[in-house]
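The data block below is my_file26.csv; it holds CSV, C-alpha atoms.
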```
chain,number,residue,atom,x,y,z
A,1,MET,CA,0.0,0.0,0.0
A,2,LYS,CA,1.4,3.4,-0.9
A,3,ASN,CA,-1.5,5.5,0.6
A,4,PRO,CA,-0.5,6.4,4.2
A,5,ILE,CA,-4.1,7.5,5.1
A,6,LEU,CA,-5.6,4.2,4.0
A,7,ALA,CA,-2.8,2.1,5.7
A,8,GLY,CA,-3.1,4.2,8.9
A,9,PHE,CA,-6.9,3.8,8.8
A,10,VAL,CA,-6.7,0.0,8.5
A,11,ALA,CA,-4.0,-0.3,11.2
A,12,GLY,CA,-5.9,2.2,13.4
A,13,ILE,CA,-9.1,0.1,13.3
A,14,LEU,CA,-7.4,-3.2,13.9
A,15,SER,CA,-5.3,-1.9,16.8
A,16,ALA,CA,-8.4,-0.2,18.2
A,17,VAL,CA,-10.3,-3.5,18.2
A,18,THR,CA,-7.3,-5.2,19.8
A,19,GLY,CA,-7.0,-2.6,22.5
A,20,THR,CA,-10.7,-2.3,23.2
A,21,THR,CA,-11.0,-6.2,23.5
A,22,ILE,CA,-8.1,-6.3,25.9
A,23,MET,CA,-9.4,-3.4,27.9
A,24,VAL,CA,-13.0,-4.7,28.2
A,25,THR,CA,-11.7,-8.2,29.1
A,26,SER,CA,-9.5,-6.7,31.8
A,27,TYR,CA,-12.5,-4.7,33.0
A,28,TYR,CA,-14.7,-7.7,33.4
A,29,LEU,CA,-11.9,-9.8,35.0
A,30,GLY,CA,-11.5,-7.0,37.6
A,31,TYR,CA,-8.0,-5.9,36.6
A,32,ILE,CA,-9.3,-2.3,35.7
A,33,GLU,CA,-11.6,-0.2,37.9
A,34,THR,CA,-13.2,2.9,36.4
A,35,ASP,CA,-16.2,5.1,37.3
A,36,LEU,CA,-16.7,5.8,33.6
A,37,PRO,CA,-19.5,4.0,31.7
A,38,THR,CA,-18.1,1.0,29.7
A,39,ASN,CA,-19.9,2.1,26.5
A,40,SER,CA,-18.4,5.6,26.7
A,41,VAL,CA,-14.9,4.1,27.2
A,42,ILE,CA,-15.3,1.6,24.2
A,43,VAL,CA,-16.7,4.3,21.9
A,44,THR,CA,-13.9,6.8,22.9
A,45,HIS,CA,-11.1,4.2,22.4
A,46,MET,CA,-12.5,3.1,19.0
A,47,MET,CA,-12.9,6.6,17.7
A,48,VAL,CA,-9.6,8.1,19.0
A,49,ASN,CA,-7.5,5.1,17.9
A,50,THR,CA,-9.1,5.1,14.4
A,51,ILE,CA,-8.8,8.9,13.9
A,52,TYR,CA,-5.2,8.8,15.3
A,53,GLY,CA,-4.5,5.8,13.1
A,54,ILE,CA,-4.9,8.1,10.1
A,55,ILE,CA,-2.9,10.9,11.7
A,56,PHE,CA,0.0,8.6,12.7
A,57,GLY,CA,-0.1,7.0,9.3
A,58,VAL,CA,0.5,10.5,7.7
A,59,ILE,CA,3.3,11.3,10.1
A,60,TYR,CA,4.9,7.8,9.4
A,61,SER,CA,5.0,8.6,5.7
A,62,LYS,CA,6.8,11.9,6.4
A,63,LEU,CA,9.3,10.4,8.8
A,64,TYR,CA,9.6,7.1,6.8
A,65,ASN,CA,13.2,7.6,5.5
A,66,THR,CA,14.6,8.4,9.0
A,67,ILE,CA,13.0,5.6,11.0
A,68,PRO,CA,15.5,2.8,11.4
A,69,GLY,CA,14.8,-0.7,10.1
A,70,LYS,CA,12.7,-2.1,7.2
A,71,GLY,CA,9.1,-3.4,6.8
A,72,LEU,CA,7.7,-4.8,10.1
A,73,TRP,CA,10.7,-3.8,12.1
A,74,LYS,CA,10.4,-0.2,11.0
A,75,GLY,CA,6.7,-0.3,11.9
A,76,LEU,CA,7.5,-1.8,15.3
A,77,VAL,CA,10.1,0.9,16.0
A,78,TYR,CA,7.6,3.6,15.1
A,79,GLY,CA,5.0,2.0,17.4
A,80,LEU,CA,7.4,2.1,20.3
A,81,LEU,CA,8.3,5.7,19.5
A,82,LEU,CA,4.6,6.5,19.6
A,83,PHE,CA,4.2,4.7,22.9
A,84,LEU,CA,7.0,6.8,24.3
A,85,LEU,CA,5.7,10.1,23.0
A,86,SER,CA,2.0,9.5,23.7
A,87,ASN,CA,1.5,7.1,26.5
A,88,ILE,CA,4.7,7.3,28.6
A,89,PHE,CA,4.2,11.1,28.3
A,90,ALA,CA,0.7,10.9,29.8
A,91,ILE,CA,2.0,8.4,32.5
A,92,SER,CA,4.7,10.8,33.5
A,93,TYR,CA,2.2,13.7,34.1
A,94,TYR,CA,0.0,11.4,36.2
A,95,THR,CA,3.0,9.9,38.1
A,96,VAL,CA,4.4,13.2,39.2
A,97,SER,CA,0.9,14.4,40.1
A,98,LEU,CA,0.7,11.3,42.3
A,99,ASN,CA,-2.3,10.0,40.5
A,100,TYR,CA,-1.1,6.4,39.9
A,101,PRO,CA,-4.4,4.7,39.0
A,102,ALA,CA,-5.0,7.1,36.1
A,103,GLY,CA,-1.3,6.6,34.9
A,104,ALA,CA,-1.6,2.8,35.1
A,105,GLY,CA,-4.5,3.0,32.6
A,106,TRP,CA,-2.1,4.3,29.9
A,107,VAL,CA,0.3,1.4,30.3
A,108,GLY,CA,-2.0,-1.0,28.4
A,109,GLY,CA,-1.7,1.3,25.4
A,110,ILE,CA,1.5,-0.5,24.5
A,111,TYR,CA,-0.6,-3.4,22.9
A,112,VAL,CA,-2.5,-0.9,20.8
A,113,LEU,CA,0.6,0.9,19.5
A,114,LEU,CA,2.7,-2.2,18.9
A,115,VAL,CA,-0.1,-3.8,17.0
A,116,TYR,CA,-0.6,-0.6,15.1
A,117,GLY,CA,3.1,-0.3,14.3
A,118,LEU,CA,3.3,-3.9,13.1
A,119,ILE,CA,0.2,-3.6,10.8
A,120,LEU,CA,1.4,-0.2,9.5
A,121,GLY,CA,4.9,-1.6,8.8
A,122,ALA,CA,3.4,-4.6,6.9
A,123,LEU,CA,0.9,-2.5,4.9
A,124,TYR,CA,2.7,0.8,4.0
A,125,LYS,CA,5.6,1.0,1.5
A,126,LYS,CA,7.0,4.2,0.2
B,127,MET,CA,21.5,32.2,14.7
B,128,ARG,CA,22.2,28.6,15.6
B,129,ILE,CA,24.7,28.1,18.3
B,130,MET,CA,24.6,24.6,19.6
B,131,LYS,CA,25.5,21.2,18.3
B,132,SER,CA,24.2,19.3,21.3
B,133,SER,CA,20.6,18.4,20.7
B,134,ILE,CA,20.2,17.4,24.4
B,135,ILE,CA,21.3,20.7,25.8
B,136,SER,CA,19.3,22.6,23.2
B,137,GLY,CA,16.2,20.5,24.1
B,138,LEU,CA,16.9,21.1,27.8
B,139,ILE,CA,17.0,24.9,27.4
B,140,ALA,CA,14.0,24.9,25.1
B,141,GLY,CA,12.2,22.6,27.5
B,142,PHE,CA,12.9,24.9,30.4
B,143,PHE,CA,11.5,28.0,28.7
B,144,ALA,CA,8.5,26.1,27.4
B,145,SER,CA,7.9,24.7,30.9
B,146,ILE,CA,7.6,28.3,32.2
B,147,VAL,CA,4.8,28.8,29.6
B,148,GLY,CA,3.4,25.5,30.8
B,149,PHE,CA,3.5,26.6,34.4
B,150,VAL,CA,1.9,30.0,33.8
B,151,THR,CA,-0.9,28.5,31.6
B,152,SER,CA,-1.5,25.7,34.2
B,153,VAL,CA,-1.9,28.3,36.9
B,154,ILE,CA,-4.5,30.1,34.7
B,155,HIS,CA,-6.1,26.8,33.9
B,156,VAL,CA,-6.5,25.8,37.6
B,157,THR,CA,-6.9,29.0,39.5
B,158,ASN,CA,-8.4,31.6,37.1
B,159,LEU,CA,-10.6,29.2,35.1
B,160,GLY,CA,-11.2,26.7,38.0
B,161,LEU,CA,-10.6,23.7,35.8
B,162,THR,CA,-9.2,20.3,36.8
B,163,TYR,CA,-5.5,19.9,36.1
B,164,ALA,CA,-5.1,16.1,35.7
B,165,PHE,CA,-8.5,15.5,34.1
B,166,THR,CA,-9.6,13.2,36.9
B,167,PRO,CA,-11.7,13.8,40.0
B,168,VAL,CA,-8.7,14.3,42.3
B,169,PRO,CA,-7.8,17.6,44.0
B,170,ASN,CA,-5.7,20.0,41.9
B,171,PRO,CA,-2.0,20.4,42.8
B,172,SER,CA,-0.9,23.5,44.7
B,173,ILE,CA,0.9,26.3,42.9
B,174,THR,CA,4.3,25.0,44.2
B,175,ASP,CA,3.5,21.5,43.1
B,176,LEU,CA,2.4,22.8,39.6
B,177,ALA,CA,5.8,24.6,39.3
B,178,ARG,CA,7.6,21.3,40.4
B,179,ILE,CA,5.6,19.2,37.9
B,180,GLU,CA,5.8,21.6,34.9
B,181,LEU,CA,9.5,22.4,35.3
B,182,SER,CA,10.7,18.8,36.0
B,183,LEU,CA,8.7,17.3,33.1
B,184,GLY,CA,9.3,20.2,30.8
B,185,ILE,CA,13.1,19.8,31.1
B,186,ILE,CA,13.1,15.9,30.9
B,187,TRP,CA,10.8,15.8,27.9
B,188,GLY,CA,12.6,18.8,26.3
B,189,MET,CA,15.8,16.7,26.3
B,190,ILE,CA,14.0,13.7,24.8
B,191,TRP,CA,12.3,15.8,22.1
B,192,GLY,CA,15.7,17.5,21.4
B,193,ILE,CA,17.3,14.1,20.7
B,194,LEU,CA,14.4,13.1,18.5
B,195,TYR,CA,14.6,16.4,16.6
B,196,SER,CA,18.2,15.7,15.7
B,197,LYS,CA,17.4,12.2,14.6
B,198,PHE,CA,14.4,13.1,12.4
B,199,HIS,CA,15.7,16.6,11.4
B,200,LYS,CA,15.9,15.7,7.7
B,201,SER,CA,12.4,14.4,7.4
B,202,ILE,CA,10.6,17.3,9.2
B,203,PRO,CA,8.9,19.7,6.7
B,204,GLY,CA,10.0,23.3,6.6
B,205,LYS,CA,13.3,25.3,6.8
B,206,GLY,CA,15.0,27.0,9.7
B,207,ILE,CA,12.7,28.1,12.5
B,208,SER,CA,9.6,26.9,10.7
B,209,LYS,CA,11.1,23.4,10.7
B,210,SER,CA,11.5,23.4,14.5
B,211,ILE,CA,8.0,24.9,15.0
B,212,ASN,CA,6.6,22.2,12.8
B,213,PHE,CA,8.4,19.7,15.0
B,214,GLY,CA,6.9,21.2,18.1
B,215,LEU,CA,3.4,21.0,16.5
B,216,ILE,CA,4.0,17.3,15.5
B,217,ILE,CA,5.0,16.6,19.1
B,218,TRP,CA,1.9,18.4,20.3
B,219,LEU,CA,-0.3,16.3,18.0
B,220,ILE,CA,1.2,13.0,19.2
B,221,SER,CA,1.7,13.8,22.9
B,222,TRP,CA,-1.1,16.3,23.9
B,223,GLY,CA,-3.6,16.0,21.0
B,224,ARG,CA,-4.3,12.3,21.5
B,225,ALA,CA,-4.5,12.5,25.3
B,226,LEU,CA,-6.9,15.5,25.1
B,227,LEU,CA,-9.1,13.6,22.6
B,228,PHE,CA,-9.4,10.7,25.1
B,229,TRP,CA,-10.2,13.1,27.9
B,230,SER,CA,-12.9,14.8,25.7
B,231,GLY,CA,-14.4,11.4,25.2
B,232,TYR,CA,-14.5,10.9,29.0
B,233,GLY,CA,-16.4,14.1,29.4
B,234,PHE,CA,-13.7,16.8,30.0
B,235,VAL,CA,-14.5,18.6,26.8
B,236,PHE,CA,-14.0,22.2,27.9
B,237,GLU,CA,-10.8,21.4,29.9
B,238,SER,CA,-9.4,19.6,26.8
B,239,ILE,CA,-10.1,22.6,24.5
B,240,VAL,CA,-8.5,25.1,27.0
B,241,ALA,CA,-5.5,22.8,27.7
B,242,GLY,CA,-5.1,22.1,24.0
B,243,PHE,CA,-4.8,25.8,23.2
B,244,PHE,CA,-2.4,26.5,26.1
B,245,ARG,CA,-0.2,23.5,25.2
B,246,ILE,CA,0.0,24.6,21.6
B,247,LEU,CA,1.5,27.9,22.8
B,248,GLN,CA,4.0,25.9,24.9
B,249,MET,CA,5.1,23.7,22.0
B,250,ILE,CA,5.4,26.7,19.7
B,251,VAL,CA,7.7,28.3,22.3
B,252,PHE,CA,9.6,25.0,22.5
B,253,GLY,CA,10.0,24.8,18.7
B,254,LEU,CA,11.1,28.5,18.4
B,255,ILE,CA,13.9,28.2,21.0
B,256,LEU,CA,15.0,24.8,19.8
B,257,GLY,CA,15.2,26.0,16.2
B,258,TYR,CA,17.1,29.1,17.4
B,259,LEU,CA,19.6,27.1,19.4
B,260,TYR,CA,20.2,23.8,17.7
B,261,LYS,CA,22.7,23.6,14.8
B,262,PRO,CA,22.2,20.4,12.9
B,263,LYS,CA,25.1,18.4,11.4
B,264,LYS,CA,25.7,18.8,7.7
```

What is this structure when it is put down as structure tokens?
Amino acid sequence: MKNPILAGFVAGILSAVTGTTIMVTSYYLGYIETDLPTNSVIVTHMMVNTIYGIIFGVIYSKLYNTIPGKGLWKGLVYGLLLFLLSNIFAISYYTVSLNYPAGAGWVGGIYVLLVYGLILGALYKK
Amino acid sequence: MRIMKSSIISGLIAGFFASIVGFVTSVIHVTNLGLTYAFTPVPNPSITDLARIELSLGIIWGMIWGILYSKFHKSIPGKGISKSINFGLIIWLISWGRALLFWSGYGFVFESIVAGFFRILQMIVFGLILGYLYKPKK
């Protein structure tokens, strides 16, 4: 695929489904506690990860030549970079604000962004 | 004028000045507008704690962003200062934009819009100072 918007959209939807499934399963098994309605959390995760799948896909196409690796590996590196800049960033703010439960919620985002990076790496070629 | 070859030091200085913007806007966010700082129903930090949070994280993330700017310098669109401002806006999109969209979905819509605007200002200041300081390798 040479279209970063389409590749990012597909990777975004698939990673959103993966992340939402893991999150809902964790919620029903009692690993996650939240006051927010489950439906609102599911819709938000699906929407944000799909919209940001497209945005991250466009950024990936711009940075493509300077990301180390090839194919899947390149995508995986990009996924880890996104995890650092997006989720670890949010976790750092919660941690220094001493709000550990809210920060812990962002750790699971590694599954979403690694799956996203792998699918994007497999789909998109410049 | 570009005066530094070290991306870490350039990022540290840019992060420090950007964190001052982050601190001032956070104080406005919390005290003047009366909004929640961490987007959760927990008490807001004191002014001293806000300074500690904003300065420490601003400097640490400034160094990380500085390193990434040097690594991805060739791929970032624009020239000169506009390149580093674009980098600041890309970082805002990845770091703040996504988190704020999540918080909007969880019901903190007004807080997210206000914080989004303030943090864009912070990242523009970061990009401006980074672009002014950092001298890329040829």

Each chain B residue no farther than 7 Å from chain A, nearest pair in Å, all atoms listed in the file, as a tab-separated table:
```
residue	atom	partner	partner_atom	distance
B:Ala164	CA	A:Tyr94	CA	7.0
B:Ile179	CA	A:Val96	CA	6.3
B:Phe198	CA	A:Thr66	CA	5.8
B:Ser201	CA	A:Leu63	CA	5.3
B:Ile220	CA	A:Ser86	CA	5.8
B:Ser221	CA	A:Ser86	CA	4.4
B:Leu227	CA	A:Val48	CA	6.6
B:Phe228	CA	A:Thr44	CA	6.3
B:Gly231	CA	A:Thr44	CA	5.2
B:Tyr232	CA	A:Ser40	CA	7.0
```

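Going from atom CA of Leu247 of chain B over to atom CA of Ile173 of chain B, you cover 20.2 Å.
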
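Distances here use only C-alpha atoms; by that measure, the residue among B:Gly223, B:Gly141, B:Gly233, B:Gly257 closest to Leu181 of chain B is B:Gly141.
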
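Taking all atoms listed in the file into account, the polymer residues that have an atom no farther than 10 Å from (1.6, 6.4, 5.6) are A:Met1, A:Lys2, A:Asn3, A:Pro4, A:Ile5, A:Leu6, A:Ala7, A:Gly8, A:Phe9, A:Gly53, A:Ile54, A:Ile55, A:Phe56, A:Gly57, A:Val58, A:Ile59, A:Tyr60, A:Ser61, A:Lys62, A:Leu63, A:Tyr64, A:Leu120, A:Gly121, A:Leu123, A:Tyr124, A:Lys125, A:Lys126.
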
inquiry  = Set the distance at 7 Å and use all atoms listed in the file: which residues neighbour Ser238 of chain B once local chain neighbours fewer than 6 positions away are removed? I'd like the list as a ChimeraX atom specification.
reply    = /B:226,229-230

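Atom pair atom CA of Trp73 of chain A / atom CA of Leu114 of chain A has a distance of 10.6 Å (rounded to one decimal).
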
task = Determine, counting only C-alpha atoms, which protein, DNA and RNA residues have an atom within 9 Å of an atom of Phe252 of chain B; residues of the same chain fewer than 2 positions away are not included. Present the result as a PyMOL selection string.
result = chain B and resi 137+139-145+188+210-211+214+247-250+254-257

Next, the residues of the selection above should be written as an mmCIF file, keeping the file's coordinate frame with C-alpha atoms.
```
data_model
loop_
_atom_site.group_PDB
_atom_site.id
_atom_site.type_symbol
_atom_site.label_atom_id
_atom_site.label_comp_id
_atom_site.auth_asym_id
_atom_site.auth_seq_id
_atom_site.Cartn_x
_atom_site.Cartn_y
_atom_site.Cartn_z
ATOM 1 C CA GLY B 137 16.200 20.500 24.100
ATOM 2 C CA ILE B 139 17.000 24.900 27.400
ATOM 3 C CA ALA B 140 14.000 24.900 25.100
ATOM 4 C CA GLY B 141 12.200 22.600 27.500
ATOM 5 C CA PHE B 142 12.900 24.900 30.400
ATOM 6 C CA PHE B 143 11.500 28.000 28.700
ATOM 7 C CA ALA B 144 8.500 26.100 27.400
ATOM 8 C CA SER B 145 7.900 24.700 30.900
ATOM 9 C CA GLY B 188 12.600 18.800 26.300
ATOM 10 C CA SER B 210 11.500 23.400 14.500
ATOM 11 C CA ILE B 211 8.000 24.900 15.000
ATOM 12 C CA GLY B 214 6.900 21.200 18.100
ATOM 13 C CA LEU B 247 1.500 27.900 22.800
ATOM 14 C CA GLN B 248 4.000 25.900 24.900
ATOM 15 C CA MET B 249 5.100 23.700 22.000
ATOM 16 C CA ILE B 250 5.400 26.700 19.700
ATOM 17 C CA LEU B 254 11.100 28.500 18.400
ATOM 18 C CA ILE B 255 13.900 28.200 21.000
ATOM 19 C CA LEU B 256 15.000 24.800 19.800
ATOM 20 C CA GLY B 257 15.200 26.000 16.200
#
```

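Computed from the coordinates, the atom CA of Asn39 of chain A to atom CA of Tyr27 of chain A distance equals 12.0 Å.
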
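Proximity of B:Val235, B:Ile216, B:Ile135, B:Ala241 to Gly253 of chain B, computed with all atoms listed in the file, is greatest for B:Ile216.
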
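Minimum atom-to-atom distance to Tyr195 of chain B, evaluated using all atoms listed in the file, belongs to B:Ile217 out of B:Val240, B:Ile217, B:Leu176, B:Ile129.
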
task = Determine the nearest neighbour of Thr50 of chain A from the options A:Leu29, A:Leu80, A:Val24, A:Ala16, counting only C-alpha atoms.
result = A:Ala16
